[in-house]
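*Asks:* Just run07.pdb, nothing more (PDB, C-alpha atoms, pLDDT in the B column):
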ATOM      1  CA  MET O   1     -14.278  10.028 -20.643  1.00 35.00           C
ATOM      2  CA  ASP O   2     -10.528  10.552 -20.350  1.00 39.00           C
ATOM      3  CA  THR O   3      -9.727  10.741 -16.647  1.00 43.00           C
ATOM      4  CA  THR O   4      -5.963  10.271 -16.749  1.00 45.00           C
ATOM      5  CA  ASP O   5      -5.211  13.847 -15.724  1.00 52.00           C
ATOM      6  CA  ALA O   6      -8.264  14.576 -13.559  1.00 60.00           C
ATOM      7  CA  ARG O   7      -7.772  15.722  -9.996  1.00 67.00           C
ATOM      8  CA  ALA O   8      -8.406  13.398  -7.080  1.00 67.00           C
ATOM      9  CA  SER O   9     -11.339  14.249  -4.858  1.00 61.00           C
ATOM     10  CA  GLY O  10     -13.247  12.645  -2.017  1.00 65.00           C
ATOM     11  CA  PRO O  11     -13.697  12.586   1.753  1.00 64.00           C
ATOM     12  CA  SER O  12     -10.779  10.211   2.346  1.00 66.00           C
ATOM     13  CA  ILE O  13      -8.245  12.879   1.360  1.00 60.00           C
ATOM     14  CA  ASP O  14      -6.192  14.455   4.130  1.00 61.00           C
ATOM     15  CA  PRO O  15      -4.883  17.626   2.426  1.00 68.00           C
ATOM     16  CA  ALA O  16      -1.878  17.991   4.753  1.00 61.00           C
ATOM     17  CA  ASP O  17      -0.666  14.459   4.065  1.00 55.00           C
ATOM     18  CA  VAL O  18      -1.226  14.794   0.320  1.00 56.00           C
ATOM     19  CA  ALA O  19       0.775  18.033   0.315  1.00 63.00           C
ATOM     20  CA  ARG O  20       3.599  16.417   2.310  1.00 55.00           C
ATOM     21  CA  PHE O  21       4.016  13.537  -0.141  1.00 54.00           C
ATOM     22  CA  SER O  22       3.473  15.747  -3.197  1.00 58.00           C
ATOM     23  CA  ALA O  23       6.403  17.928  -2.141  1.00 60.00           C
ATOM     24  CA  GLN O  24       8.714  14.898  -2.397  1.00 59.00           C
ATOM     25  CA  ALA O  25       7.116  13.330  -5.475  1.00 59.00           C
ATOM     26  CA  GLU O  26      10.155  13.581  -7.735  1.00 72.00           C
ATOM     27  CA  LEU O  27      12.269  11.652  -5.215  1.00 77.00           C
ATOM     28  CA  TRP O  28      10.268   8.401  -5.096  1.00 77.00           C
ATOM     29  CA  TRP O  29      12.780   6.431  -7.171  1.00 86.00           C
ATOM     30  CA  ASP O  30      15.891   7.790  -5.462  1.00 82.00           C
ATOM     31  CA  ALA O  31      16.998   4.760  -3.439  1.00 81.00           C
ATOM     32  CA  ARG O  32      19.223   7.018  -1.295  1.00 80.00           C
ATOM     33  CA  GLY O  33      16.689   9.814  -0.856  1.00 78.00           C
ATOM     34  CA  PRO O  34      13.809  10.293   1.596  1.00 74.00           C
ATOM     35  CA  PHE O  35      12.130   7.084   0.419  1.00 76.00           C
ATOM     36  CA  ALA O  36      15.242   4.940   0.935  1.00 75.00           C
ATOM     37  CA  PRO O  37      13.667   3.032   3.872  1.00 76.00           C
ATOM     38  CA  LEU O  38      10.698   2.183   1.669  1.00 76.00           C
ATOM     39  CA  HIS O  39      13.023   0.770  -1.001  1.00 84.00           C
ATOM     40  CA  LYS O  40      14.572  -1.440   1.698  1.00 83.00           C
ATOM     41  CA  PHE O  41      11.124  -2.414   3.011  1.00 83.00           C
ATOM     42  CA  ASN O  42       9.719  -3.148  -0.440  1.00 91.00           C
ATOM     43  CA  PRO O  43      11.120  -6.663  -1.079  1.00 92.00           C
ATOM     44  CA  ALA O  44       9.444  -8.059   2.047  1.00 93.00           C
ATOM     45  CA  ARG O  45       6.033  -6.636   1.290  1.00 93.00           C
ATOM     46  CA  LEU O  46       6.272  -7.587  -2.394  1.00 96.00           C
ATOM     47  CA  ALA O  47       7.072 -11.168  -1.418  1.00 95.00           C
ATOM     48  CA  PHE O  48       4.109 -11.195   0.947  1.00 96.00           C
ATOM     49  CA  VAL O  49       1.714  -9.998  -1.758  1.00 97.00           C
ATOM     50  CA  ARG O  50       3.142 -12.360  -4.383  1.00 97.00           C
ATOM     51  CA  ASP O  51       2.953 -15.436  -2.154  1.00 97.00           C
ATOM     52  CA  ARG O  52      -0.566 -14.764  -0.864  1.00 97.00           C
ATOM     53  CA  ALA O  53      -1.846 -14.032  -4.360  1.00 98.00           C
ATOM     54  CA  ALA O  54      -0.221 -17.207  -5.691  1.00 98.00           C
ATOM     55  CA  GLU O  55      -1.922 -19.214  -2.959  1.00 98.00           C
ATOM     56  CA  ARG O  56      -5.289 -17.526  -3.523  1.00 98.00           C
ATOM     57  CA  PHE O  57      -5.332 -17.893  -7.309  1.00 98.00           C
ATOM     58  CA  GLY O  58      -3.342 -21.101  -7.694  1.00 98.00           C
ATOM     59  CA  ARG O  59      -0.463 -19.540  -9.625  1.00 97.00           C
ATOM     60  CA  ASP O  60       3.115 -20.781  -9.935  1.00 97.00           C
ATOM     61  CA  ILE O  61       5.459 -17.899  -9.104  1.00 96.00           C
ATOM     62  CA  ARG O  62       8.295 -19.649 -10.940  1.00 95.00           C
ATOM     63  CA  GLN O  63       6.540 -18.955 -14.226  1.00 95.00           C
ATOM     64  CA  ARG O  64       7.059 -15.747 -16.169  1.00 93.00           C
ATOM     65  CA  GLU O  65       4.171 -13.305 -15.667  1.00 95.00           C
ATOM     66  CA  ALA O  66       2.588 -15.757 -13.255  1.00 97.00           C
ATOM     67  CA  PHE O  67      -0.453 -13.546 -12.658  1.00 98.00           C
ATOM     68  CA  ALA O  68      -1.361 -12.847 -16.289  1.00 98.00           C
ATOM     69  CA  GLY O  69      -5.113 -12.450 -16.722  1.00 98.00           C
ATOM     70  CA  LEU O  70      -5.657 -11.005 -13.244  1.00 98.00           C
ATOM     71  CA  SER O  71      -6.396  -7.356 -12.464  1.00 98.00           C
ATOM     72  CA  LEU O  72      -4.865  -5.414  -9.582  1.00 98.00           C
ATOM     73  CA  LEU O  73      -5.672  -2.021  -8.066  1.00 98.00           C
ATOM     74  CA  ASP O  74      -2.895  -0.248  -6.148  1.00 98.00           C
ATOM     75  CA  VAL O  75      -4.536   2.380  -3.926  1.00 97.00           C
ATOM     76  CA  GLY O  76      -2.235   5.185  -2.814  1.00 94.00           C
ATOM     77  CA  CYS O  77       0.461   4.076  -5.232  1.00 95.00           C
ATOM     78  CA  GLY O  78       2.916   6.917  -4.600  1.00 91.00           C
ATOM     79  CA  GLY O  79       5.659   6.792  -7.209  1.00 92.00           C
ATOM     80  CA  GLY O  80       4.852   3.238  -8.294  1.00 95.00           C
ATOM     81  CA  LEU O  81       7.151   1.152  -6.089  1.00 94.00           C
ATOM     82  CA  ILE O  82       4.498  -1.569  -5.800  1.00 96.00           C
ATOM     83  CA  ALA O  83       2.691  -1.065  -9.107  1.00 97.00           C
ATOM     84  CA  GLU O  84       5.739  -1.679 -11.304  1.00 97.00           C
ATOM     85  CA  PRO O  85       6.795  -5.043  -9.801  1.00 97.00           C
ATOM     86  CA  MET O  86       3.158  -6.172  -9.825  1.00 98.00           C
ATOM     87  CA  ARG O  87       2.938  -5.386 -13.544  1.00 98.00           C
ATOM     88  CA  ARG O  88       6.139  -7.350 -14.147  1.00 97.00           C
ATOM     89  CA  LEU O  89       4.519 -10.311 -12.397  1.00 98.00           C
ATOM     90  CA  GLY O  90       1.786 -10.227 -15.028  1.00 98.00           C
ATOM     91  CA  PHE O  91      -1.053  -8.345 -13.330  1.00 98.00           C
ATOM     92  CA  GLU O  92      -3.042  -5.797 -15.323  1.00 98.00           C
ATOM     93  CA  VAL O  93      -2.403  -2.849 -12.993  1.00 98.00           C
ATOM     94  CA  THR O  94      -4.500   0.203 -12.244  1.00 98.00           C
ATOM     95  CA  ALA O  95      -2.792   2.539  -9.771  1.00 98.00           C
ATOM     96  CA  ILE O  96      -4.311   5.606  -8.124  1.00 97.00           C
ATOM     97  CA  ASP O  97      -3.081   8.299  -5.764  1.00 94.00           C
ATOM     98  CA  ALA O  98      -4.577  11.468  -4.302  1.00 90.00           C
ATOM     99  CA  SER O  99      -1.453  13.382  -5.353  1.00 89.00           C
ATOM    100  CA  SER O 100      -1.238  14.427  -9.006  1.00 90.00           C
ATOM    101  CA  GLU O 101       2.483  14.999  -8.484  1.00 90.00           C
ATOM    102  CA  ASN O 102       2.976  11.397  -7.377  1.00 90.00           C
ATOM    103  CA  ILE O 103       1.047  10.167 -10.400  1.00 94.00           C
ATOM    104  CA  GLY O 104       3.186  12.287 -12.712  1.00 92.00           C
ATOM    105  CA  THR O 105       6.360  10.760 -11.298  1.00 91.00           C
ATOM    106  CA  ALA O 106       4.949   7.226 -11.409  1.00 93.00           C
ATOM    107  CA  ARG O 107       3.700   7.574 -14.978  1.00 93.00           C
ATOM    108  CA  ALA O 108       7.003   9.000 -16.236  1.00 92.00           C
ATOM    109  CA  HIS O 109       9.016   6.209 -14.590  1.00 93.00           C
ATOM    110  CA  ALA O 110       6.742   3.498 -16.000  1.00 94.00           C
ATOM    111  CA  GLU O 111       7.080   4.971 -19.480  1.00 92.00           C
ATOM    112  CA  MET O 112      10.877   4.953 -19.154  1.00 91.00           C
ATOM    113  CA  THR O 113      10.814   1.283 -18.178  1.00 92.00           C
ATOM    114  CA  GLY O 114       8.270   0.304 -20.838  1.00 94.00           C
ATOM    115  CA  LEU O 115       5.528  -0.761 -18.442  1.00 96.00           C
ATOM    116  CA  ASP O 116       1.878  -0.201 -19.328  1.00 96.00           C
ATOM    117  CA  ILE O 117       0.231   0.780 -16.043  1.00 97.00           C
ATOM    118  CA  ALA O 118      -3.043   2.699 -15.859  1.00 97.00           C
ATOM    119  CA  TYR O 119      -2.057   5.559 -13.549  1.00 96.00           C
ATOM    120  CA  ARG O 120      -4.491   8.194 -12.447  1.00 95.00           C
ATOM    121  CA  ALA O 121      -4.963  10.858  -9.778  1.00 94.00           C
ATOM    122  CA  ALA O 122      -8.105   9.625  -8.054  1.00 94.00           C
ATOM    123  CA  THR O 123      -9.572   8.224  -4.851  1.00 94.00           C
ATOM    124  CA  VAL O 124     -11.340   4.941  -4.192  1.00 95.00           C
ATOM    125  CA  GLU O 125     -14.583   6.898  -3.744  1.00 94.00           C
ATOM    126  CA  GLN O 126     -14.242   8.197  -7.288  1.00 95.00           C
ATOM    127  CA  LEU O 127     -13.593   4.728  -8.690  1.00 96.00           C
ATOM    128  CA  GLU O 128     -16.533   3.273  -6.810  1.00 95.00           C
ATOM    129  CA  ALA O 129     -18.861   6.059  -7.960  1.00 95.00           C
ATOM    130  CA  GLU O 130     -17.798   5.451 -11.564  1.00 95.00           C
ATOM    131  CA  GLY O 131     -18.400   1.709 -11.319  1.00 95.00           C
ATOM    132  CA  ALA O 132     -14.732   0.911 -11.943  1.00 94.00           C
ATOM    133  CA  GLY O 133     -13.416  -2.607 -11.604  1.00 88.00           C
ATOM    134  CA  PRO O 134     -14.023  -4.848  -9.831  1.00 97.00           C
ATOM    135  CA  PHE O 135     -10.470  -6.112  -9.374  1.00 98.00           C
ATOM    136  CA  ASP O 136      -9.013  -9.510  -8.498  1.00 98.00           C
ATOM    137  CA  VAL O 137      -6.529  -7.892  -6.093  1.00 98.00           C
ATOM    138  CA  VAL O 138      -6.780  -4.600  -4.204  1.00 98.00           C
ATOM    139  CA  LEU O 139      -3.703  -3.316  -2.380  1.00 98.00           C
ATOM    140  CA  THR O 140      -3.527  -0.401   0.018  1.00 96.00           C
ATOM    141  CA  MET O 141      -0.039  -0.344   1.454  1.00 94.00           C
ATOM    142  CA  GLU O 142       0.829   2.108   4.246  1.00 89.00           C
ATOM    143  CA  VAL O 143      -2.022   4.393   3.183  1.00 92.00           C
ATOM    144  CA  ILE O 144      -4.928   3.897   5.561  1.00 94.00           C
ATOM    145  CA  GLU O 145      -3.119   5.685   8.420  1.00 88.00           C
ATOM    146  CA  HIS O 146      -2.972   8.813   6.238  1.00 86.00           C
ATOM    147  CA  VAL O 147      -6.646   9.113   5.220  1.00 91.00           C
ATOM    148  CA  ALA O 148      -9.313  11.254   6.866  1.00 88.00           C
ATOM    149  CA  ASP O 149     -11.904   8.462   7.316  1.00 93.00           C
ATOM    150  CA  PRO O 150     -10.208   5.043   7.590  1.00 94.00           C
ATOM    151  CA  GLU O 151     -13.439   3.048   7.859  1.00 96.00           C
ATOM    152  CA  ALA O 152     -15.077   4.582   4.799  1.00 95.00           C
ATOM    153  CA  PHE O 153     -11.802   4.167   2.939  1.00 96.00           C
ATOM    154  CA  ALA O 154     -11.394   0.482   3.862  1.00 97.00           C
ATOM    155  CA  ARG O 155     -14.998  -0.311   2.974  1.00 97.00           C
ATOM    156  CA  SER O 156     -14.720   1.444  -0.397  1.00 97.00           C
ATOM    157  CA  CYS O 157     -11.572  -0.551  -1.148  1.00 97.00           C
ATOM    158  CA  SER O 158     -13.340  -3.804  -0.322  1.00 97.00           C
ATOM    159  CA  ARG O 159     -16.279  -2.946  -2.574  1.00 97.00           C
ATOM    160  CA  LEU O 160     -13.891  -2.695  -5.534  1.00 98.00           C
ATOM    161  CA  LEU O 161     -12.961  -6.358  -5.035  1.00 98.00           C
ATOM    162  CA  LYS O 162     -14.257  -9.152  -7.272  1.00 98.00           C
ATOM    163  CA  PRO O 163     -15.911 -12.221  -5.766  1.00 97.00           C
ATOM    164  CA  GLY O 164     -13.029 -14.572  -5.058  1.00 97.00           C
ATOM    165  CA  GLY O 165     -10.688 -11.616  -4.819  1.00 98.00           C
ATOM    166  CA  LEU O 166      -7.935 -10.688  -2.382  1.00 98.00           C
ATOM    167  CA  MET O 167      -7.380  -7.388  -0.577  1.00 98.00           C
ATOM    168  CA  ILE O 168      -4.285  -6.575   1.466  1.00 98.00           C
ATOM    169  CA  VAL O 169      -4.132  -3.663   3.891  1.00 97.00           C
ATOM    170  CA  ALA O 170      -0.711  -2.752   5.282  1.00 94.00           C
ATOM    171  CA  THR O 171      -0.317  -0.255   8.100  1.00 92.00           C
ATOM    172  CA  LEU O 172       1.273   0.526  11.489  1.00 89.00           C
ATOM    173  CA  ASN O 173       0.061  -0.782  14.827  1.00 90.00           C
ATOM    174  CA  ARG O 174      -1.028   1.652  17.556  1.00 85.00           C
ATOM    175  CA  THR O 175       1.063   0.065  20.278  1.00 80.00           C
ATOM    176  CA  LEU O 176       3.787   1.375  22.542  1.00 62.00           C
ATOM    177  CA  LYS O 177       6.353  -0.249  20.246  1.00 65.00           C
ATOM    178  CA  GLY O 178       4.595   1.353  17.296  1.00 54.00           C
ATOM    179  CA  LEU O 179       4.994   4.743  18.937  1.00 52.00           C
ATOM    180  CA  LEU O 180       8.608   4.274  20.019  1.00 52.00           C
ATOM    181  CA  LEU O 181       9.922   2.554  16.890  1.00 58.00           C
ATOM    182  CA  GLY O 182       7.405   3.281  14.113  1.00 52.00           C
ATOM    183  CA  LYS O 183       7.157   6.966  14.972  1.00 48.00           C
ATOM    184  CA  VAL O 184       9.871   8.313  17.314  1.00 43.00           C
ATOM    185  CA  ALA O 185      12.828   6.165  16.223  1.00 45.00           C
ATOM    186  CA  ALA O 186      11.907   6.122  12.527  1.00 51.00           C
ATOM    187  CA  GLU O 187      11.444   9.900  12.319  1.00 47.00           C
ATOM    188  CA  TYR O 188      13.752  11.397  14.948  1.00 39.00           C
ATOM    189  CA  VAL O 189      16.497   8.856  15.709  1.00 43.00           C
ATOM    190  CA  LEU O 190      17.113   6.778  12.582  1.00 47.00           C
ATOM    191  CA  ARG O 191      15.626   9.498  10.348  1.00 50.00           C
ATOM    192  CA  TRP O 192      14.172   6.902   8.006  1.00 51.00           C
ATOM    193  CA  VAL O 193      11.322   9.247   7.126  1.00 55.00           C
ATOM    194  CA  PRO O 194      10.914  13.027   7.545  1.00 57.00           C
ATOM    195  CA  ALA O 195       9.674  14.233  10.925  1.00 57.00           C
ATOM    196  CA  GLY O 196       5.909  14.555  10.940  1.00 54.00           C
ATOM    197  CA  THR O 197       5.295  11.823   8.365  1.00 59.00           C
ATOM    198  CA  HIS O 198       3.154   9.827  10.783  1.00 57.00           C
ATOM    199  CA  ASN O 199       0.613  10.640  13.450  1.00 63.00           C
ATOM    200  CA  TRP O 200       0.680   7.821  16.014  1.00 53.00           C
ATOM    201  CA  ARG O 201      -2.952   8.474  16.918  1.00 71.00           C
ATOM    202  CA  GLN O 202      -3.874   7.492  13.367  1.00 74.00           C
ATOM    203  CA  PHE O 203      -2.130   4.130  13.618  1.00 84.00           C
ATOM    204  CA  LEU O 204      -4.660   1.289  13.650  1.00 91.00           C
ATOM    205  CA  LYS O 205      -4.944  -1.892  15.656  1.00 94.00           C
ATOM    206  CA  PRO O 206      -5.721  -5.088  13.714  1.00 95.00           C
ATOM    207  CA  ASP O 207      -9.086  -5.516  15.454  1.00 96.00           C
ATOM    208  CA  GLU O 208     -10.063  -2.008  14.354  1.00 96.00           C
ATOM    209  CA  ILE O 209      -9.522  -2.918  10.710  1.00 96.00           C
ATOM    210  CA  ARG O 210     -11.460  -6.120  11.277  1.00 97.00           C
ATOM    211  CA  ALA O 211     -14.343  -4.099  12.746  1.00 97.00           C
ATOM    212  CA  MET O 212     -14.260  -1.605   9.867  1.00 97.00           C
ATOM    213  CA  LEU O 213     -14.871  -4.414   7.388  1.00 98.00           C
ATOM    214  CA  ALA O 214     -17.369  -6.369   9.498  1.00 97.00           C
ATOM    215  CA  ALA O 215     -20.366  -5.115   7.517  1.00 96.00           C
ATOM    216  CA  GLU O 216     -18.803  -5.995   4.157  1.00 97.00           C
ATOM    217  CA  PRO O 217     -19.020  -9.483   2.565  1.00 97.00           C
ATOM    218  CA  VAL O 218     -15.363 -10.292   3.190  1.00 98.00           C
ATOM    219  CA  THR O 219     -13.418 -12.629   5.454  1.00 98.00           C
ATOM    220  CA  VAL O 220     -10.622 -10.868   7.310  1.00 98.00           C
ATOM    221  CA  THR O 221      -7.498 -12.635   8.557  1.00 97.00           C
ATOM    222  CA  GLY O 222      -4.320 -11.417  10.215  1.00 94.00           C
ATOM    223  CA  PRO O 223      -2.371  -9.648  11.462  1.00 97.00           C
ATOM    224  CA  TYR O 224       0.708 -10.747   9.541  1.00 96.00           C
ATOM    225  CA  GLY O 225       3.709  -8.870  10.862  1.00 91.00           C
ATOM    226  CA  LEU O 226       6.790  -7.508   9.167  1.00 86.00           C
ATOM    227  CA  GLU O 227       9.798  -6.705  11.316  1.00 85.00           C
ATOM    228  CA  TYR O 228      13.189  -5.150  10.778  1.00 82.00           C
ATOM    229  CA  ASP O 229      16.353  -7.143  11.463  1.00 80.00           C
ATOM    230  CA  LEU O 230      18.881  -4.499  12.509  1.00 74.00           C
ATOM    231  CA  LEU O 231      21.789  -6.971  12.465  1.00 77.00           C
ATOM    232  CA  ASN O 232      21.193  -8.037   8.858  1.00 79.00           C
ATOM    233  CA  ASP O 233      19.643  -4.739   7.736  1.00 77.00           C
ATOM    234  CA  CYS O 234      16.582  -6.348   6.161  1.00 80.00           C
ATOM    235  CA  TRP O 235      12.848  -6.912   6.644  1.00 78.00           C
ATOM    236  CA  SER O 236      11.032 -10.236   6.960  1.00 84.00           C
ATOM    237  CA  GLU O 237       7.790 -11.671   8.289  1.00 87.00           C
ATOM    238  CA  GLY O 238       7.626 -11.636  12.073  1.00 84.00           C
ATOM    239  CA  GLU O 239       5.878  -9.862  14.930  1.00 87.00           C
ATOM    240  CA  ALA O 240       2.961  -7.527  14.238  1.00 84.00           C
ATOM    241  CA  ASP O 241       3.653  -5.019  17.021  1.00 87.00           C
ATOM    242  CA  ILE O 242       4.767  -2.305  14.570  1.00 85.00           C
ATOM    243  CA  ASN O 243       4.227  -3.053  10.863  1.00 88.00           C
ATOM    244  CA  TYR O 244       1.579  -5.539   9.822  1.00 93.00           C
ATOM    245  CA  MET O 245      -0.810  -6.569   7.080  1.00 95.00           C
ATOM    246  CA  MET O 246      -4.424  -7.691   7.100  1.00 97.00           C
ATOM    247  CA  ILE O 247      -5.985  -9.836   4.384  1.00 98.00           C
ATOM    248  CA  ALA O 248      -9.620  -9.638   3.256  1.00 98.00           C
ATOM    249  CA  THR O 249     -11.041 -12.182   0.824  1.00 98.00           C
ATOM    250  CA  LYS O 250     -14.418 -12.014  -0.896  1.00 96.00           C
ATOM    251  CA  ASP O 251     -16.152 -15.350  -1.484  1.00 85.00           C
TER
END
What do you get writing this file as structure tokens?
*Replies:*
Amino acid sequence: MDTTDARASGPSIDPADVARFSAQAELWWDARGPFAPLHKFNPARLAFVRDRAAERFGRDIRQREAFAGLSLLDVGCGGGLIAEPMRRLGFEVTAIDASSENIGTARAHAEMTGLDIAYRAATVEQLEAEGAGPFDVVLTMEVIEHVADPEAFARSCSRLLKPGGLMIVATLNRTLKGLLLGKVAAEYVLRWVPAGTHNWRQFLKPDEIRAMLAAEPVTVTGPYGLEYDLLNDCWSEGEADINYMMIATKD
């Protein structure tokens, strides 16, 4: 069955958040537009994924298409800011998003750059129900804080992982610093993202993600923090008080 243009459906969808991102879909690749902070953030999170995957699968990142032969699922792919570099690294990439508008933008950009990425408007629940995958790597980057049922979402993601696979969950920490810097400063002072993009109450603590995955056959490690260096205007690994990643591996 051809599902490339099907609509996304499932209990993880938060309609208000999907509508918010859909309204800006055509601007994903504008490095000076509303997603400019994400373009600046991207190198640090890409390096994190690349290095952890290289360690997990014994790949040499100095080689061209170092991850050839491995499959990767990008959940909540937006306009493709993660999916495209992952494809260039050699992964066979499937990328899904609840927003058909996002998928349209991502697919058009990939076609312009000559990258074969399997884009589709879908949810992890749909993939799981269809028996899709499993995948060597599952990424869900800055998505879990936008879904209606984070636990069900995280568990569905983990069930799409192959034995021996690697899952990375990136999100925002529900701390005072997370509120002041990840929400208030980012939206109202620095204006990195539009006001209302995040709900601080939906930010997750690392132990909450660990608990969500406790019933699944995965080993969870982290948090691994990413922090912004205002002086040098760049992101790097550091404290986990605001932005962080959790790793789940299936043995």
*Asks:* Do a neighbour search on stretch 161-165 of chain O at 6 Å with all atoms listed in the file, toss out local chain neighbours closer than 2 positions, and write the hits as a ChimeraX atom specification.
*Replies:* /O:134-137,158-159,249-251
*Asks:* Which residues match the PyMOL selection byres ((chain O and resi 45) around 9) in the file above, as a PyMOL selection string?
*Replies:* chain O and resi 41-44+46-50+82+141+170+226+235-237+245
*Asks:* Starting from the displayed file, determine the output of the PyMOL selection byres ((chain O and resi 241) around 8) and express the residue list as an MDAnalysis selection string.
*Replies:* chainID O and resid 173 175 177:178 225 239:240 242:244
*Asks:* Those residues with C-alpha atoms, as a PDB file, keeping the file's coordinate frame please?
*Replies:*
ATOM      1  CA  ASN O 173       0.061  -0.782  14.827  1.00 90.00           C
ATOM      2  CA  THR O 175       1.063   0.065  20.278  1.00 80.00           C
ATOM      3  CA  LYS O 177       6.353  -0.249  20.246  1.00 65.00           C
ATOM      4  CA  GLY O 178       4.595   1.353  17.296  1.00 54.00           C
ATOM      5  CA  GLY O 225       3.709  -8.870  10.862  1.00 91.00           C
ATOM      6  CA  GLU O 239       5.878  -9.862  14.930  1.00 87.00           C
ATOM      7  CA  ALA O 240       2.961  -7.527  14.238  1.00 84.00           C
ATOM      8  CA  ILE O 242       4.767  -2.305  14.570  1.00 85.00           C
ATOM      9  CA  ASN O 243       4.227  -3.053  10.863  1.00 88.00           C
ATOM     10  CA  TYR O 244       1.579  -5.539   9.822  1.00 93.00           C
TER      11      TYR O 244
END
*Asks:* Go through O:Glu92, O:Glu84, O:Arg120, O:Arg52 and flag the residue nearest O:Tyr224, using all atoms listed in the file for the distances.
*Replies:* O:Arg52
*Asks:* Looking at only C-alpha atoms, which of O:His109, O:His39, O:Arg155, O:Arg62 is the one that sits closest to O:Leu89?
*Replies:*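 Of the candidates, the smallest distance to O:Leu89 is held by O:Arg62.
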*Asks:* Given the file shown, enumerate the residues that the PyMOL selection byres ((chain O and resi 26) around 12) captures and present them as a ChimeraX atom specification.
*Replies:* /O:21-25,27-31,33-35,78-80,99-109
*Asks:* By how many Å are atom CA of O:Phe57 and atom CA of O:Ala98 apart?
*Replies:*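 According to the coordinates, atom CA of O:Phe57 and atom CA of O:Ala98 are separated by 29.5 Å.
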*Asks:* Can you work out the spacing between atom CA of O:Asp149 and atom CA of O:Leu38 in Å, to one decimal?
*Replies:*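 It comes out at 24.1 Å.
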*Asks:* Counting only C-alpha atoms, which residue out of O:Gly58, O:Gly76, O:Pro37, O:Gly222 sits closest to O:Ile144?
*Replies:*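 Residue with the minimum atom-to-atom distance to O:Ile144: O:Gly76.
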*Asks:* Would you mind listing what lies within 12 Å of O:Gln202 as an MDAnalysis selection string, with all atoms listed in the file counted and same-chain residues fewer than 6 positions away left out?
*Replies:* chainID O and resid 14 142:151 171:175 178:179 183 208
*Asks:* Please report the interatomic distance between atom CA of O:Ile209 and atom CA of O:Thr221 in Å with one decimal.
*Replies:* 10.2 Å
*Asks:* Using only C-alpha atoms, find the one residue out of O:Gly90, O:Ala95, O:Gly131, O:Leu81 that sits nearest to O:Lys40.
*Replies:*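 Closest candidate: O:Leu81.
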